[in-house]
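*Asks:* Please see the structure below; I have some questions.
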Amino acid sequence: MCDEKKYRVKNYIHFDNRKKFRIVKDYVTNPNKVALHSFLPFIQFTVRFQKYIDIKIDKKSERPIKEKLRNIMYAGHLDNFIYKYYADEFLNKKYNAWCEHYEIDDCSIAYRNNKKGKSNIDSAAEVINDIVCFKEAYIIVGDFKEFFDRIDHRLLKERLKTVLGVESLSKDWFNIYKSVTKYGYYYKAQLKEQFGTDKQLRQEKRFSYFNQLKDFREFQRETPCHKNEQTFGIPQGTAISAVFANVYAIEFDSGMKVIANKFEGRYRRYSDDFILIIPKKSINLIVKNSQVKQIESEVKKLAQENKIMIQNEKTKLLEFKKGVIRNVDSGKNDNLDYLGFIFDGKTVTMRGKSPYKFYRKAYKLIGRAVKIKEKKKLKKYPYRKRIYGLYTDLGISSGDFGNFITYGIRAQQKFDLISPLTDNRILQQIKHRKKKIEKKLGYRLHTRFNSN
């Protein structure tokens, strides 16, 4: 029996109306219904990420230097329940069992429902602790290029059958597979222009673009959706896409584990980020450079065989020795940048952009509050609850996850516990947060400062 509490109604506006899971549960859990289900086109929008220069926060010259775009697609409300049900109740369980059987369970660490309580913090701390414990090691780190966009449909289908333990996909599974490979989609911007913004629709008490699905079908006939006509690519953002991506990578993960085991090393993959650690004691010291380069070539060949593209510009071959990390290709000192943390061979910190973004967003919101207060001649700042909740220690316990300060405290504690041999300076990066926020607000905050 599935836990209905996990199936929450999404608030976004789509082509169908929002539904509670208990209303559609019999439909979603019926394989015959799913086999004949007509999936709606996705709605696509672009998320923009800004990359920042790692410089001191107080400089006025700070500006984002690069914008990264990611196309996200979200499914209709009923479709989303189907994807989530088949992902959580079937595929993820089968995938976990397959990984355990073939002894790669510790290799793939993202989107795993059997890894509850663990996060990127745990994974980064474990990897860095492994490096230090090896005393001397070679490290190959990199990531996949456009992972979801390049997933080969034929290989995905074969690996789905492998993980599910079947010779051919059942009709319901084939229909789901087809819906995320030969999918249709509309651009959010196009819908916004034609129907108005989500805010406007909600003001009109409308929570769907159409009152009935037959109205959408008429619209679809007049305005056909875009289609993925390629033999590769799945949408990023659906409830089943992440586990599909993990299933797709099973042969790559297995091959990387073989390489790691051969040299008594470690291999980890977190979605499209991977790391391979080879202790120097397992390398032939006479031909160490050529042997390490050969391992690097094996990794690239393995990726090519599995139709996974590795970003050459983001792939690094590093050497850890005597508390220093050196780039093997350039011969210069370097850092390991892994899952949001920087390791220089001795100390561990968050990526510089993480605290920078924290302060930048805080200052921006406080600046907006100052302008509104002055303009409207208010006695107190607007957005106080939001400012305190997101950017001060008052918000450490707010919501399900707290705020960025909560994340920093948790990271410090986890690294101190899991990687005790490194100098973990995570909280040092935001130790002046109270003073800085008070300076921007112009008054003191009566809150206890949490140093750990």
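We label chains A, B, ... in the order they appear in the structure tokens, count residues from 1 in each chain, and number ligands from 1 in the order shown.
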Please list as a ChimeraX atom specification every residue within 12 Å of A:Gly367, counting only C-alpha atoms and excluding residues in the same chain fewer than 5 positions away.

*Replies:* /A:359-362,372-374,381-383,387,437,439-442

*Asks:* Could you write out the selected residues, including C-alpha atoms, as an mmCIF file, in the first residue's frame?

*Replies:*
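Heads up, here's the output in again.cif:
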```
data_model
loop_
_atom_site.group_PDB
_atom_site.id
_atom_site.type_symbol
_atom_site.label_atom_id
_atom_site.label_comp_id
_atom_site.auth_asym_id
_atom_site.auth_seq_id
_atom_site.Cartn_x
_atom_site.Cartn_y
_atom_site.Cartn_z
ATOM 1 C CA TYR A 359 24.364 37.883 1.633
ATOM 2 C CA ARG A 360 23.454 39.219 -1.793
ATOM 3 C CA LYS A 361 19.839 38.042 -1.508
ATOM 4 C CA ALA A 362 19.618 39.337 2.068
ATOM 5 C CA ILE A 372 9.107 50.793 0.709
ATOM 6 C CA LYS A 373 9.377 51.968 4.323
ATOM 7 C CA GLU A 374 10.602 55.378 3.209
ATOM 8 C CA TYR A 381 10.204 47.546 7.758
ATOM 9 C CA PRO A 382 7.968 45.400 5.570
ATOM 10 C CA TYR A 383 9.105 41.786 4.896
ATOM 11 C CA ILE A 387 14.092 38.688 6.447
ATOM 12 C CA ILE A 437 22.464 41.938 8.682
ATOM 13 C CA LYS A 439 24.285 46.901 9.770
ATOM 14 C CA LYS A 440 22.007 46.731 6.739
ATOM 15 C CA LEU A 441 18.853 46.910 8.886
ATOM 16 C CA GLY A 442 20.189 49.760 11.020
#
```

*Asks:* When you look at stretch 275-286 of chain A with a cut-off of 8 Å (counting only C-alpha atoms), what residues show up, excluding the ones that are within fewer than 3 positions of it in the same chain? I need them as a PyMOL selection string.

*Replies:* chain A and resi 131+134-142+256+260+263-269+291-292

*Asks:* Create the file for the chosen residues now, containing N, CA, C and O atoms and written as a compact mmCIF listing (two decimals), in the first residue's frame.

*Replies:*
```txt
# COMPACT_ATOMS: atom_id res chain seq x y z
N ILE A 131 39.76 10.42 0.92
CA ILE A 131 40.99 10.94 0.32
C ILE A 131 42.08 11.12 1.39
O ILE A 131 43.22 10.71 1.20
N PHE A 134 43.47 7.86 2.68
CA PHE A 134 44.39 7.20 1.75
C PHE A 134 45.80 7.77 1.85
O PHE A 134 46.76 7.18 1.38
N LYS A 135 45.91 8.98 2.43
CA LYS A 135 47.18 9.69 2.63
C LYS A 135 47.77 10.24 1.33
O LYS A 135 48.19 11.39 1.27
N GLU A 136 47.83 9.41 0.30
CA GLU A 136 48.24 9.87 -1.03
C GLU A 136 47.32 9.23 -2.05
O GLU A 136 47.08 8.02 -1.99
N ALA A 137 46.80 10.05 -2.97
CA ALA A 137 45.84 9.50 -3.92
C ALA A 137 45.76 10.35 -5.19
O ALA A 137 46.12 11.54 -5.20
N TYR A 138 45.29 9.70 -6.25
CA TYR A 138 44.92 10.40 -7.47
C TYR A 138 43.40 10.51 -7.50
O TYR A 138 42.69 9.60 -7.07
N ILE A 139 42.91 11.63 -8.01
CA ILE A 139 41.47 11.90 -8.03
C ILE A 139 41.05 12.32 -9.43
O ILE A 139 41.61 13.27 -9.99
N ILE A 140 40.10 11.61 -9.99
CA ILE A 140 39.50 12.01 -11.27
C ILE A 140 38.09 12.51 -10.95
O ILE A 140 37.27 11.77 -10.41
N VAL A 141 37.83 13.76 -11.26
CA VAL A 141 36.53 14.35 -10.96
C VAL A 141 35.99 15.02 -12.22
O VAL A 141 36.74 15.61 -12.99
N GLY A 142 34.70 14.90 -12.44
CA GLY A 142 34.10 15.51 -13.62
C GLY A 142 32.60 15.42 -13.59
O GLY A 142 32.00 14.97 -12.59
N MET A 256 32.68 1.67 -13.60
CA MET A 256 33.51 2.52 -12.74
C MET A 256 33.83 1.81 -11.42
O MET A 256 34.94 1.95 -10.89
N ALA A 260 37.48 1.07 -9.78
CA ALA A 260 37.79 1.45 -8.39
C ALA A 260 38.26 0.24 -7.59
O ALA A 260 39.25 0.32 -6.84
N PHE A 263 41.86 -1.02 -8.05
CA PHE A 263 42.93 -0.26 -7.39
C PHE A 263 42.61 0.03 -5.92
O PHE A 263 43.22 0.91 -5.32
N GLU A 264 41.62 -0.69 -5.38
CA GLU A 264 41.22 -0.51 -3.98
C GLU A 264 40.85 0.95 -3.70
O GLU A 264 41.18 1.51 -2.65
N GLY A 265 40.15 1.54 -4.66
CA GLY A 265 39.77 2.95 -4.54
C GLY A 265 38.29 3.14 -4.27
O GLY A 265 37.60 2.22 -3.80
N ARG A 266 37.78 4.33 -4.55
CA ARG A 266 36.38 4.69 -4.33
C ARG A 266 35.81 5.35 -5.58
O ARG A 266 36.49 6.14 -6.24
N TYR A 267 34.55 5.03 -5.86
CA TYR A 267 33.83 5.71 -6.95
C TYR A 267 32.48 6.17 -6.42
O TYR A 267 31.78 5.41 -5.73
N ARG A 268 32.11 7.41 -6.74
CA ARG A 268 30.80 7.94 -6.38
C ARG A 268 30.24 8.76 -7.54
O ARG A 268 31.00 9.45 -8.23
N ARG A 269 28.91 8.67 -7.73
CA ARG A 269 28.23 9.52 -8.71
C ARG A 269 27.02 10.15 -8.04
O ARG A 269 26.19 9.44 -7.48
N GLN A 291 50.13 5.24 -16.10
CA GLN A 291 49.07 4.37 -15.61
C GLN A 291 47.83 5.19 -15.22
O GLN A 291 46.70 4.81 -15.51
N VAL A 292 48.04 6.33 -14.56
CA VAL A 292 46.92 7.19 -14.17
C VAL A 292 46.23 7.75 -15.41
O VAL A 292 45.01 7.82 -15.47
```

*Asks:* Could you list, as a VMD selection string, every residue within 12 Å of stretch 22-27 of chain A, counting only C-alpha atoms and ignoring same-chain residues fewer than 4 positions away?

*Replies:* chain A and resid 1 to 9 18 31 to 37 77 to 82 84 to 85

*Asks:* Which residues in stretch 218-299 of chain A does DSSP call alpha helix (DSSP H)? List them as a PyMOL selection string.

*Replies:* chain A and resi 218-222+241-248+250-262+288-299

*Asks:* Give me, as a tab-separated table, each residue of stretch 289-374 of chain A that comes within 7 Å of stretch 245-252 of chain A, together with its shortest interatomic pair and the distance in Å at one decimal, counting only C-alpha atoms, with rows ordered by chain and rising residue number.

*Replies:*
```
residue	atom	partner	partner_atom	distance
A:Leu302	CA	A:Phe252	CA	6.4
A:Ala303	CA	A:Phe252	CA	6.5
A:Asn306	CA	A:Phe252	CA	6.4
```

*Asks:* For atom CA of A:Trp98 and atom CA of A:Lys118, quote the distance in Å rounded to one decimal.

*Replies:* 20.1 Å

*Asks:* What is the distance, in Å and to one decimal place, between atom CA of A:Leu164 and atom CA of A:Lys93?

*Replies:*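 Value for the atom CA of A:Leu164-atom CA of A:Lys93 distance: 9.6 Å.
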
*Asks:* Expressed in Å to a single decimal, how great is the separation between atom CA of A:Lys161 and atom CA of A:Ile109?

*Replies:*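 Separation of atom CA of A:Lys161 and atom CA of A:Ile109: 21.7 Å.
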
*Asks:* Of the candidates A:Leu421, A:Glu103, A:Lys171, A:Gly389, which one gets nearest to A:Phe401 if we count only C-alpha atoms?

*Replies:*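 Of A:Leu421, A:Glu103, A:Lys171, A:Gly389, the one nearest A:Phe401 is A:Gly389, counting only C-alpha atoms.
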
*Asks:* Name the residues in contact with stretch 323-327 of chain A at a cut-off of 10 Å, using only C-alpha atoms, excluding same-chain residues fewer than 4 positions from it; report them as a list in words.

*Replies:*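 The residues satisfying every condition are Val132, Lys135, Glu136, Ala137, Tyr138, Ile139, Lys316, Leu317, Leu318, Glu319, Gly331, Lys332, Asn333, Asp334, Asn335, Leu336, Phe343, Asp344, Gly345, Lys346, Thr347 and Thr422 of chain A.
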
*Asks:* Which residues come within 12 Å of A:Phe415, counting only C-alpha atoms, excluding same-chain residues fewer than 4 positions away, as an MDAnalysis selection string?

*Replies:* chainID A and resid 120:129 341 343 347:350 408:411 419:427

*Asks:* Can you write just those residues out, N, CA, C and O atoms, as a JSON list (two decimals), in the first residue's frame?

*Replies:*
```
[["chain", "number", "residue", "atom", "x", "y", "z"],
["A", 120, "ASN", "N", 23.88, 15.70, 0.14],
["A", 120, "ASN", "CA", 25.15, 16.00, -0.51],
["A", 120, "ASN", "C", 26.25, 16.27, 0.52],
["A", 120, "ASN", "O", 27.43, 16.04, 0.27],
["A", 121, "ILE", "N", 25.86, 16.74, 1.70],
["A", 121, "ILE", "CA", 26.85, 17.01, 2.76],
["A", 121, "ILE", "C", 27.53, 15.71, 3.19],
["A", 121, "ILE", "O", 28.76, 15.63, 3.25],
["A", 122, "ASP", "N", 26.70, 14.70, 3.48],
["A", 122, "ASP", "CA", 27.25, 13.40, 3.89],
["A", 122, "ASP", "C", 28.18, 12.83, 2.81],
["A", 122, "ASP", "O", 29.27, 12.34, 3.11],
["A", 123, "SER", "N", 27.72, 12.91, 1.55],
["A", 123, "SER", "CA", 28.48, 12.34, 0.44],
["A", 123, "SER", "C", 29.82, 13.05, 0.27],
["A", 123, "SER", "O", 30.86, 12.40, 0.09],
["A", 124, "ALA", "N", 29.80, 14.38, 0.34],
["A", 124, "ALA", "CA", 31.04, 15.14, 0.20],
["A", 124, "ALA", "C", 32.00, 14.86, 1.36],
["A", 124, "ALA", "O", 33.20, 14.67, 1.16],
["A", 125, "ALA", "N", 31.46, 14.79, 2.57],
["A", 125, "ALA", "CA", 32.30, 14.53, 3.74],
["A", 125, "ALA", "C", 32.93, 13.14, 3.67],
["A", 125, "ALA", "O", 34.11, 12.96, 4.01],
["A", 126, "GLU", "N", 32.16, 12.15, 3.24],
["A", 126, "GLU", "CA", 32.67, 10.79, 3.13],
["A", 126, "GLU", "C", 33.80, 10.71, 2.11],
["A", 126, "GLU", "O", 34.84, 10.06, 2.35],
["A", 127, "VAL", "N", 33.60, 11.35, 0.95],
["A", 127, "VAL", "CA", 34.61, 11.32, -0.10],
["A", 127, "VAL", "C", 35.90, 12.01, 0.35],
["A", 127, "VAL", "O", 37.00, 11.48, 0.16],
["A", 128, "ILE", "N", 35.78, 13.18, 0.95],
["A", 128, "ILE", "CA", 36.97, 13.92, 1.40],
["A", 128, "ILE", "C", 37.69, 13.16, 2.50],
["A", 128, "ILE", "O", 38.93, 13.11, 2.54],
["A", 129, "ASN", "N", 36.94, 12.53, 3.39],
["A", 129, "ASN", "CA", 37.56, 11.72, 4.44],
["A", 129, "ASN", "C", 38.31, 10.53, 3.84],
["A", 129, "ASN", "O", 39.41, 10.18, 4.31],
["A", 341, "PHE", "N", 31.31, 21.89, -1.97],
["A", 341, "PHE", "CA", 32.37, 22.10, -0.98],
["A", 341, "PHE", "C", 33.74, 22.12, -1.66],
["A", 341, "PHE", "O", 33.96, 21.45, -2.67],
["A", 343, "PHE", "N", 37.85, 21.59, -1.13],
["A", 343, "PHE", "CA", 38.88, 20.97, -0.30],
["A", 343, "PHE", "C", 40.24, 21.26, -0.93],
["A", 343, "PHE", "O", 40.47, 20.93, -2.09],
["A", 347, "THR", "N", 41.95, 22.14, 4.37],
["A", 347, "THR", "CA", 40.73, 22.78, 4.87],
["A", 347, "THR", "C", 39.54, 22.49, 3.96],
["A", 347, "THR", "O", 39.69, 22.27, 2.76],
["A", 348, "VAL", "N", 38.34, 22.54, 4.57],
["A", 348, "VAL", "CA", 37.08, 22.38, 3.84],
["A", 348, "VAL", "C", 36.23, 23.61, 4.05],
["A", 348, "VAL", "O", 36.04, 24.05, 5.19],
["A", 349, "THR", "N", 35.74, 24.18, 2.96],
["A", 349, "THR", "CA", 34.83, 25.31, 3.02],
["A", 349, "THR", "C", 33.69, 25.09, 2.03],
["A", 349, "THR", "O", 33.76, 24.21, 1.17],
["A", 350, "MET", "N", 32.65, 25.90, 2.15],
["A", 350, "MET", "CA", 31.63, 25.92, 1.12],
["A", 350, "MET", "C", 32.18, 26.65, -0.10],
["A", 350, "MET", "O", 33.11, 27.46, 0.03],
["A", 408, "GLY", "N", 24.46, 25.56, 6.89],
["A", 408, "GLY", "CA", 25.85, 25.76, 7.30],
["A", 408, "GLY", "C", 26.17, 25.05, 8.61],
["A", 408, "GLY", "O", 27.22, 24.40, 8.75],
["A", 409, "ILE", "N", 25.26, 25.15, 9.57],
["A", 409, "ILE", "CA", 25.46, 24.48, 10.86],
["A", 409, "ILE", "C", 25.49, 22.96, 10.67],
["A", 409, "ILE", "O", 26.35, 22.26, 11.22],
["A", 410, "ARG", "N", 24.54, 22.46, 9.87],
["A", 410, "ARG", "CA", 24.48, 21.02, 9.61],
["A", 410, "ARG", "C", 25.74, 20.54, 8.91],
["A", 410, "ARG", "O", 26.30, 19.48, 9.24],
["A", 411, "ALA", "N", 26.21, 21.32, 7.93],
["A", 411, "ALA", "CA", 27.43, 20.94, 7.20],
["A", 411, "ALA", "C", 28.64, 20.91, 8.13],
["A", 411, "ALA", "O", 29.45, 19.99, 8.07],
["A", 419, "SER", "N", 34.45, 13.69, 8.74],
["A", 419, "SER", "CA", 35.81, 13.98, 8.26],
["A", 419, "SER", "C", 36.60, 14.74, 9.33],
["A", 419, "SER", "O", 36.94, 15.91, 9.16],
["A", 420, "PRO", "N", 36.92, 14.07, 10.44],
["A", 420, "PRO", "CA", 37.56, 14.76, 11.57],
["A", 420, "PRO", "C", 39.01, 15.16, 11.33],
["A", 420, "PRO", "O", 39.56, 15.96, 12.10],
["A", 421, "LEU", "N", 39.64, 14.60, 10.30],
["A", 421, "LEU", "CA", 41.05, 14.90, 10.04],
["A", 421, "LEU", "C", 41.26, 16.16, 9.21],
["A", 421, "LEU", "O", 42.39, 16.60, 9.02],
["A", 422, "THR", "N", 40.17, 16.75, 8.71],
["A", 422, "THR", "CA", 40.28, 17.98, 7.93],
["A", 422, "THR", "C", 39.94, 19.19, 8.81],
["A", 422, "THR", "O", 39.23, 19.07, 9.81],
["A", 423, "ASP", "N", 40.42, 20.34, 8.40],
["A", 423, "ASP", "CA", 40.13, 21.59, 9.10],
["A", 423, "ASP", "C", 38.87, 22.17, 8.48],
["A", 423, "ASP", "O", 38.91, 22.80, 7.42],
["A", 424, "ASN", "N", 37.74, 21.95, 9.12],
["A", 424, "ASN", "CA", 36.44, 22.31, 8.55],
["A", 424, "ASN", "C", 36.05, 23.73, 8.98],
["A", 424, "ASN", "O", 35.76, 23.97, 10.15],
["A", 425, "ARG", "N", 36.03, 24.64, 8.01],
["A", 425, "ARG", "CA", 35.81, 26.06, 8.32],
["A", 425, "ARG", "C", 34.52, 26.59, 7.70],
["A", 425, "ARG", "O", 34.45, 27.73, 7.23],
["A", 426, "ILE", "N", 33.50, 25.79, 7.69],
["A", 426, "ILE", "CA", 32.26, 26.15, 7.02],
["A", 426, "ILE", "C", 31.55, 27.30, 7.72],
["A", 426, "ILE", "O", 31.19, 28.29, 7.09],
["A", 427, "LEU", "N", 31.39, 27.18, 9.03],
["A", 427, "LEU", "CA", 30.70, 28.25, 9.75],
["A", 427, "LEU", "C", 31.53, 29.53, 9.84],
["A", 427, "LEU", "O", 30.99, 30.61, 10.06]]
```
